[in-house]
Amino acid sequence: ADPVREGYTFTGWDKDFSNVQSDLIVMALYEKIPVYYTITFLDWDGTVLECHKWREHTLPVIERNPERSSTVEYTYTFIGWSPEIVPVTSDATYTATYTATKRKYQIHFLNYNGVELQASQVEYGALPEYIGETPTRPSTVQYNYVFDGWTPEIVSVTKDANYTATYASFLRQYTVTFLDWDGTILSEQVVDFGTDAIAPTTPVREGYTFIGWDKDFSNVQSDLIVIAQYEKNPESAVEDIEAQENSVRKVMENQQLFIILPDGSKYSATGQKL
């Protein structure tokens, strides 16, 4: 019967022993039976990536490196196996290892009209910061605007985000100046947009009657200069006009000029005595 050796397969004898013609020592020949071990590759979460039998003393390999899905906070890069892969001598398990890199998100700061003021990439968990000049918004005829913060409220980064400038609005004020006919300031008032200015005391001009103002000053929507308007008083039926001497008078009657001498005699403008 063939000899038996544990772990080996008998393959024959080292020499021929037929037709023996001398003393012989014949040695049994064996071939070691290959030994295989189970090698398992696991992902970071314990998921089995591969599980195969590998022959003793061979170096196990995996067909392709694994990948780990990103989270909202991290991206992952495969860097190797733990423990380090060595030639097979027993069953073994290797687990994938990764480096984690904080994700960055795109953060935009916009003005009220959508114009971009600042754009940057900010790490997950960090608080975005606007470092530009204070946003501004042009005044309208009705309102002035003052920067009042951002909407929505700035919070720690967890995703891409847009923040839009907000403004507090204040009614504009306008100056209404009332002038007399000669440029004298009668009143100067500061009034809110859309309200009415108050007329000053009615002005007086000798020989004239005040008839109003040159423009409306209700519902004020800009600076205004308002000028007093007058109408000249009508001349009397008889108007004394000084002559070269105080004793001679010129008078107007029914729109005709007459000259009256000191003795009371009356002449027309052409010198005809009346």
# chains A, B, ... in the order shown; residues from 1 in each chain; ligands from 1
$ closest_atom_pairs --of "region 152-244 of chain A" --to "region 136-147 of chain A" --cutoff "10 Å" --atoms "only C-alpha atoms" --output "JSON lines"
{"residue": "A:Ala165", "atom": "CA", "partner": "A:Phe147", "partner_atom": "CA", "distance": 7.1}
{"residue": "A:Thr166", "atom": "CA", "partner": "A:Phe147", "partner_atom": "CA", "distance": 6.1}
{"residue": "A:Tyr167", "atom": "CA", "partner": "A:Phe147", "partner_atom": "CA", "distance": 4.4}
{"residue": "A:Ala168", "atom": "CA", "partner": "A:Val146", "partner_atom": "CA", "distance": 5.2}
{"residue": "A:Ser169", "atom": "CA", "partner": "A:Tyr145", "partner_atom": "CA", "distance": 4.7}
{"residue": "A:Phe170", "atom": "CA", "partner": "A:Asn144", "partner_atom": "CA", "distance": 5.2}
{"residue": "A:Leu171", "atom": "CA", "partner": "A:Tyr143", "partner_atom": "CA", "distance": 4.6}
{"residue": "A:Arg172", "atom": "CA", "partner": "A:Tyr143", "partner_atom": "CA", "distance": 5.0}
{"residue": "A:Gln173", "atom": "CA", "partner": "A:Gln142", "partner_atom": "CA", "distance": 8.5}
{"residue": "A:Tyr174", "atom": "CA", "partner": "A:Val141", "partner_atom": "CA", "distance": 9.7}
{"residue": "A:Asp192", "atom": "CA", "partner": "A:Gln142", "partner_atom": "CA", "distance": 8.8}
{"residue": "A:Phe193", "atom": "CA", "partner": "A:Gln142", "partner_atom": "CA", "distance": 5.8}
{"residue": "A:Gly194", "atom": "CA", "partner": "A:Gln142", "partner_atom": "CA", "distance": 7.9}
{"residue": "A:Val220", "atom": "CA", "partner": "A:Gln142", "partner_atom": "CA", "distance": 9.9}
{"residue": "A:Gln221", "atom": "CA", "partner": "A:Val141", "partner_atom": "CA", "distance": 6.5}
{"residue": "A:Ser222", "atom": "CA", "partner": "A:Val141", "partner_atom": "CA", "distance": 7.3}
$ write_last_selection --atoms "N, CA and C atoms" --output "compact mmCIF listing (two decimals), in the first residue's frame"
# COMPACT_ATOMS: atom_id res chain seq x y z
N ALA A 165 -29.53 91.10 1.17
CA ALA A 165 -29.50 92.29 2.03
C ALA A 165 -30.91 92.83 2.24
N THR A 166 -31.20 93.22 3.47
CA THR A 166 -32.48 93.86 3.79
C THR A 166 -32.21 95.29 4.26
N TYR A 167 -33.22 96.13 4.12
CA TYR A 167 -33.06 97.54 4.45
C TYR A 167 -34.26 98.05 5.25
N ALA A 168 -33.97 98.96 6.18
CA ALA A 168 -35.03 99.70 6.86
C ALA A 168 -35.31 100.94 6.01
N SER A 169 -36.59 101.26 5.84
CA SER A 169 -36.96 102.41 5.00
C SER A 169 -37.46 103.56 5.88
N PHE A 170 -37.08 104.76 5.49
CA PHE A 170 -37.48 105.96 6.22
C PHE A 170 -38.02 106.97 5.22
N LEU A 171 -39.19 107.56 5.57
CA LEU A 171 -39.76 108.59 4.70
C LEU A 171 -38.75 109.72 4.51
N ARG A 172 -38.57 110.12 3.28
CA ARG A 172 -37.67 111.23 3.01
C ARG A 172 -38.31 112.54 3.47
N GLN A 173 -37.47 113.50 3.80
CA GLN A 173 -37.93 114.83 4.18
C GLN A 173 -37.44 115.84 3.14
N TYR A 174 -38.30 116.83 2.91
CA TYR A 174 -37.98 117.84 1.91
C TYR A 174 -38.14 119.24 2.52
N ASP A 192 -42.24 115.81 5.83
CA ASP A 192 -42.14 114.43 5.34
C ASP A 192 -42.75 114.31 3.96
N PHE A 193 -42.22 113.34 3.19
CA PHE A 193 -42.78 113.04 1.87
C PHE A 193 -44.28 112.82 1.98
N GLY A 194 -45.02 113.45 1.05
CA GLY A 194 -46.45 113.23 0.97
C GLY A 194 -47.29 114.08 1.90
N VAL A 220 -46.15 117.14 -0.66
CA VAL A 220 -44.78 117.50 -1.08
C VAL A 220 -43.98 116.24 -1.42
N GLN A 221 -43.30 116.26 -2.58
CA GLN A 221 -42.50 115.12 -3.02
C GLN A 221 -41.11 115.54 -3.50
N SER A 222 -40.73 116.78 -3.20
CA SER A 222 -39.40 117.27 -3.55
C SER A 222 -39.18 118.59 -2.81
$ closest_residue --among "A:Phe10, A:Tyr130, A:Phe41, A:Trp54" --to "Gly80 (chain A)" --atoms "only C-alpha atoms"
A:Phe41
$ residues_around --residues "Phe17 (chain A)" --least-positions-apart "3" --cutoff "8 Å" --atoms "only C-alpha atoms" --output "list in words"
Val20, Leu24 and Val26 of chain A
$ residues_around --residues "region 149-164 of chain A" --least-positions-apart "4" --cutoff "10 Å" --atoms "only C-alpha atoms" --output "PDB file with N, CA, C and O atoms, in the first residue's frame"
ATOM      1  N   VAL A  72     -23.275  65.036   4.057  1.00  0.00           N
ATOM      2  CA  VAL A  72     -23.384  66.492   3.934  1.00  0.00           C
ATOM      3  C   VAL A  72     -22.169  67.181   4.535  1.00  0.00           C
ATOM      4  O   VAL A  72     -21.821  68.294   4.158  1.00  0.00           O
ATOM      5  N   GLU A  73     -21.474  66.467   5.450  1.00  0.00           N
ATOM      6  CA  GLU A  73     -20.336  67.091   6.135  1.00  0.00           C
ATOM      7  C   GLU A  73     -18.992  66.717   5.533  1.00  0.00           C
ATOM      8  O   GLU A  73     -18.081  67.556   5.497  1.00  0.00           O
ATOM      9  N   ARG A 103     -16.525  69.058   3.717  1.00  0.00           N
ATOM     10  CA  ARG A 103     -17.065  69.597   2.474  1.00  0.00           C
ATOM     11  C   ARG A 103     -17.170  71.117   2.557  1.00  0.00           C
ATOM     12  O   ARG A 103     -17.304  71.697   3.644  1.00  0.00           O
ATOM     13  N   LYS A 104     -17.104  71.744   1.403  1.00  0.00           N
ATOM     14  CA  LYS A 104     -17.308  73.187   1.308  1.00  0.00           C
ATOM     15  C   LYS A 104     -18.540  73.452   0.455  1.00  0.00           C
ATOM     16  O   LYS A 104     -18.825  72.715  -0.492  1.00  0.00           O
ATOM     17  N   TYR A 105     -19.238  74.513   0.811  1.00  0.00           N
ATOM     18  CA  TYR A 105     -20.468  74.868   0.101  1.00  0.00           C
ATOM     19  C   TYR A 105     -20.378  76.299  -0.412  1.00  0.00           C
ATOM     20  O   TYR A 105     -19.657  77.144   0.138  1.00  0.00           O
ATOM     21  N   GLN A 106     -21.121  76.544  -1.490  1.00  0.00           N
ATOM     22  CA  GLN A 106     -21.104  77.860  -2.130  1.00  0.00           C
ATOM     23  C   GLN A 106     -22.082  78.785  -1.405  1.00  0.00           C
ATOM     24  O   GLN A 106     -23.277  78.486  -1.293  1.00  0.00           O
ATOM     25  N   ILE A 107     -21.552  79.902  -0.920  1.00  0.00           N
ATOM     26  CA  ILE A 107     -22.361  80.878  -0.187  1.00  0.00           C
ATOM     27  C   ILE A 107     -22.348  82.196  -0.958  1.00  0.00           C
ATOM     28  O   ILE A 107     -21.283  82.729  -1.278  1.00  0.00           O
ATOM     29  N   HIS A 108     -23.539  82.708  -1.265  1.00  0.00           N
ATOM     30  CA  HIS A 108     -23.670  83.964  -2.016  1.00  0.00           C
ATOM     31  C   HIS A 108     -24.349  85.016  -1.138  1.00  0.00           C
ATOM     32  O   HIS A 108     -25.346  84.739  -0.477  1.00  0.00           O
ATOM     33  N   PHE A 109     -23.797  86.228  -1.177  1.00  0.00           N
ATOM     34  CA  PHE A 109     -24.440  87.388  -0.563  1.00  0.00           C
ATOM     35  C   PHE A 109     -24.928  88.283  -1.696  1.00  0.00           C
ATOM     36  O   PHE A 109     -24.151  88.681  -2.571  1.00  0.00           O
ATOM     37  N   LEU A 110     -26.214  88.586  -1.680  1.00  0.00           N
ATOM     38  CA  LEU A 110     -26.848  89.337  -2.758  1.00  0.00           C
ATOM     39  C   LEU A 110     -27.419  90.640  -2.234  1.00  0.00           C
ATOM     40  O   LEU A 110     -27.861  90.735  -1.080  1.00  0.00           O
ATOM     41  N   ASN A 111     -27.455  91.654  -3.112  1.00  0.00           N
ATOM     42  CA  ASN A 111     -28.140  92.888  -2.760  1.00  0.00           C
ATOM     43  C   ASN A 111     -29.642  92.708  -2.970  1.00  0.00           C
ATOM     44  O   ASN A 111     -30.100  91.692  -3.495  1.00  0.00           O
ATOM     45  N   TYR A 112     -30.408  93.714  -2.575  1.00  0.00           N
ATOM     46  CA  TYR A 112     -31.880  93.636  -2.646  1.00  0.00           C
ATOM     47  C   TYR A 112     -32.381  93.317  -4.053  1.00  0.00           C
ATOM     48  O   TYR A 112     -33.435  92.701  -4.228  1.00  0.00           O
ATOM     49  N   ASN A 113     -31.612  93.719  -5.074  1.00  0.00           N
ATOM     50  CA  ASN A 113     -32.032  93.534  -6.465  1.00  0.00           C
ATOM     51  C   ASN A 113     -31.419  92.304  -7.119  1.00  0.00           C
ATOM     52  O   ASN A 113     -31.498  92.134  -8.332  1.00  0.00           O
ATOM     53  N   GLY A 114     -30.783  91.446  -6.316  1.00  0.00           N
ATOM     54  CA  GLY A 114     -30.213  90.213  -6.851  1.00  0.00           C
ATOM     55  C   GLY A 114     -28.782  90.331  -7.311  1.00  0.00           C
ATOM     56  O   GLY A 114     -28.168  89.327  -7.701  1.00  0.00           O
ATOM     57  N   VAL A 115     -28.210  91.528  -7.296  1.00  0.00           N
ATOM     58  CA  VAL A 115     -26.814  91.703  -7.710  1.00  0.00           C
ATOM     59  C   VAL A 115     -25.904  91.045  -6.672  1.00  0.00           C
ATOM     60  O   VAL A 115     -26.062  91.267  -5.467  1.00  0.00           O
ATOM     61  N   GLU A 116     -24.951  90.230  -7.151  1.00  0.00           N
ATOM     62  CA  GLU A 116     -24.071  89.505  -6.237  1.00  0.00           C
ATOM     63  C   GLU A 116     -23.038  90.447  -5.629  1.00  0.00           C
ATOM     64  O   GLU A 116     -22.341  91.175  -6.329  1.00  0.00           O
ATOM     65  N   LEU A 117     -22.954  90.432  -4.300  1.00  0.00           N
ATOM     66  CA  LEU A 117     -21.995  91.255  -3.575  1.00  0.00           C
ATOM     67  C   LEU A 117     -20.745  90.465  -3.183  1.00  0.00           C
ATOM     68  O   LEU A 117     -19.643  91.022  -3.137  1.00  0.00           O
ATOM     69  N   GLN A 118     -20.934  89.164  -2.912  1.00  0.00           N
ATOM     70  CA  GLN A 118     -19.803  88.324  -2.503  1.00  0.00           C
ATOM     71  C   GLN A 118     -20.174  86.869  -2.727  1.00  0.00           C
ATOM     72  O   GLN A 118     -21.316  86.464  -2.498  1.00  0.00           O
ATOM     73  N   ALA A 119     -19.195  86.078  -3.178  1.00  0.00           N
ATOM     74  CA  ALA A 119     -19.374  84.631  -3.337  1.00  0.00           C
ATOM     75  C   ALA A 119     -18.139  83.945  -2.791  1.00  0.00           C
ATOM     76  O   ALA A 119     -17.011  84.381  -3.043  1.00  0.00           O
ATOM     77  N   GLN A 121     -16.587  79.865  -0.956  1.00  0.00           N
ATOM     78  CA  GLN A 121     -16.822  78.506  -0.507  1.00  0.00           C
ATOM     79  C   GLN A 121     -16.476  78.435   0.974  1.00  0.00           C
ATOM     80  O   GLN A 121     -15.388  78.837   1.387  1.00  0.00           O
ATOM     81  N   VAL A 122     -17.411  77.909   1.750  1.00  0.00           N
ATOM     82  CA  VAL A 122     -17.261  77.888   3.205  1.00  0.00           C
ATOM     83  C   VAL A 122     -17.439  76.455   3.697  1.00  0.00           C
ATOM     84  O   VAL A 122     -18.341  75.743   3.256  1.00  0.00           O
ATOM     85  N   GLU A 123     -16.554  76.035   4.631  1.00  0.00           N
ATOM     86  CA  GLU A 123     -16.616  74.671   5.155  1.00  0.00           C
ATOM     87  C   GLU A 123     -17.919  74.407   5.906  1.00  0.00           C
ATOM     88  O   GLU A 123     -18.483  75.303   6.542  1.00  0.00           O
ATOM     89  N   TYR A 124     -18.328  73.161   5.823  1.00  0.00           N
ATOM     90  CA  TYR A 124     -19.490  72.710   6.592  1.00  0.00           C
ATOM     91  C   TYR A 124     -19.279  73.056   8.067  1.00  0.00           C
ATOM     92  O   TYR A 124     -18.213  72.862   8.633  1.00  0.00           O
ATOM     93  N   GLY A 125     -20.329  73.600   8.688  1.00  0.00           N
ATOM     94  CA  GLY A 125     -20.287  73.914  10.109  1.00  0.00           C
ATOM     95  C   GLY A 125     -19.758  75.284  10.440  1.00  0.00           C
ATOM     96  O   GLY A 125     -19.948  75.768  11.567  1.00  0.00           O
ATOM     97  N   ALA A 126     -19.088  75.940   9.471  1.00  0.00           N
ATOM     98  CA  ALA A 126     -18.567  77.285   9.724  1.00  0.00           C
ATOM     99  C   ALA A 126     -19.681  78.311   9.538  1.00  0.00           C
ATOM    100  O   ALA A 126     -20.679  78.066   8.855  1.00  0.00           O
ATOM    101  N   LEU A 127     -19.501  79.475  10.144  1.00  0.00           N
ATOM    102  CA  LEU A 127     -20.483  80.545  10.022  1.00  0.00           C
ATOM    103  C   LEU A 127     -20.033  81.502   8.922  1.00  0.00           C
ATOM    104  O   LEU A 127     -18.958  82.099   9.019  1.00  0.00           O
ATOM    105  N   PRO A 128     -20.810  81.652   7.852  1.00  0.00           N
ATOM    106  CA  PRO A 128     -20.409  82.550   6.763  1.00  0.00           C
ATOM    107  C   PRO A 128     -20.246  83.983   7.268  1.00  0.00           C
ATOM    108  O   PRO A 128     -20.961  84.423   8.179  1.00  0.00           O
ATOM    109  N   GLU A 129     -19.326  84.703   6.643  1.00  0.00           N
ATOM    110  CA  GLU A 129     -19.078  86.089   7.031  1.00  0.00           C
ATOM    111  C   GLU A 129     -18.992  86.955   5.786  1.00  0.00           C
ATOM    112  O   GLU A 129     -18.277  86.639   4.848  1.00  0.00           O
ATOM    113  N   TYR A 130     -19.753  88.059   5.806  1.00  0.00           N
ATOM    114  CA  TYR A 130     -19.674  89.032   4.709  1.00  0.00           C
ATOM    115  C   TYR A 130     -18.585  90.037   5.054  1.00  0.00           C
ATOM    116  O   TYR A 130     -18.610  90.662   6.122  1.00  0.00           O
ATOM    117  N   THR A 134     -20.389  97.820   3.255  1.00  0.00           N
ATOM    118  CA  THR A 134     -21.793  97.779   3.678  1.00  0.00           C
ATOM    119  C   THR A 134     -22.696  97.979   2.469  1.00  0.00           C
ATOM    120  O   THR A 134     -22.525  98.943   1.705  1.00  0.00           O
ATOM    121  N   PRO A 135     -23.658  97.085   2.261  1.00  0.00           N
ATOM    122  CA  PRO A 135     -24.550  97.219   1.097  1.00  0.00           C
ATOM    123  C   PRO A 135     -25.353  98.522   1.157  1.00  0.00           C
ATOM    124  O   PRO A 135     -25.651  99.038   2.243  1.00  0.00           O
ATOM    125  N   ALA A 168     -33.968  98.960   6.185  1.00  0.00           N
ATOM    126  CA  ALA A 168     -35.026  99.704   6.856  1.00  0.00           C
ATOM    127  C   ALA A 168     -35.311 100.940   6.012  1.00  0.00           C
ATOM    128  O   ALA A 168     -34.384 101.571   5.492  1.00  0.00           O
TER     129      ALA A 168
END
$ select_by_dssp --residues "region 27-263 of chain A" --states "strand (DSSP E or B)" --output "number ranges by chain"
A: 28-32, 36-42, 48-55, 74-82, 92-102, 104-110, 116-123, 143-151, 161-171, 173-179, 185-192, 208-213, 224-232, 241-242, 249-253, 256-260
$ residues_around --residues "region 186-190 of chain A" --least-positions-apart "3" --cutoff "9 Å" --atoms "only C-alpha atoms" --output "list in words"
Gln173, Tyr174, Thr175, Val176, Thr177, Phe178, Leu179, Asp180, Gly183, Ala197, Ile198, Ala199, Pro200, Thr201, Pro203 and Asp223 of chain A
$ write_last_selection --atoms "C-alpha atoms" --output "short mmCIF file (atom, residue, chain, number, x, y, z; two decimals), in the first residue's frame"
data_model
loop_
_atom_site.label_atom_id
_atom_site.label_comp_id
_atom_site.auth_asym_id
_atom_site.auth_seq_id
_atom_site.Cartn_x
_atom_site.Cartn_y
_atom_site.Cartn_z
CA GLN A 173 -37.93 114.83 4.18
CA TYR A 174 -37.98 117.84 1.91
CA THR A 175 -37.39 121.55 2.45
CA VAL A 176 -40.13 123.97 1.45
CA THR A 177 -38.99 127.61 1.30
CA PHE A 178 -41.52 130.44 1.04
CA LEU A 179 -40.11 133.63 -0.53
CA ASP A 180 -41.54 137.12 -0.85
CA GLY A 183 -36.44 137.07 -2.34
CA ALA A 197 -46.35 122.45 4.02
CA ILE A 198 -48.05 125.22 6.03
CA ALA A 199 -48.29 128.63 4.44
CA PRO A 200 -46.75 131.45 6.47
CA THR A 201 -48.62 134.59 7.53
CA PRO A 203 -47.25 138.78 3.31
CA ASP A 223 -37.67 120.41 -2.30
#
$ closest_residue --among "A:Lys215, A:Lys102, A:Arg5, A:Lys32" --to "Glu56 (chain A)" --atoms "only C-alpha atoms"
A:Lys32
$ closest_residue --among "A:Pro66, A:Pro234, A:Pro34, A:Pro83" --to "Tyr8 (chain A)" --atoms "only C-alpha atoms"
A:Pro34
$ closest_residue --among "A:Ile25, A:Ile227, A:Val61, A:Ile79" --to "Asp182 (chain A)" --atoms "only C-alpha atoms"
A:Ile227
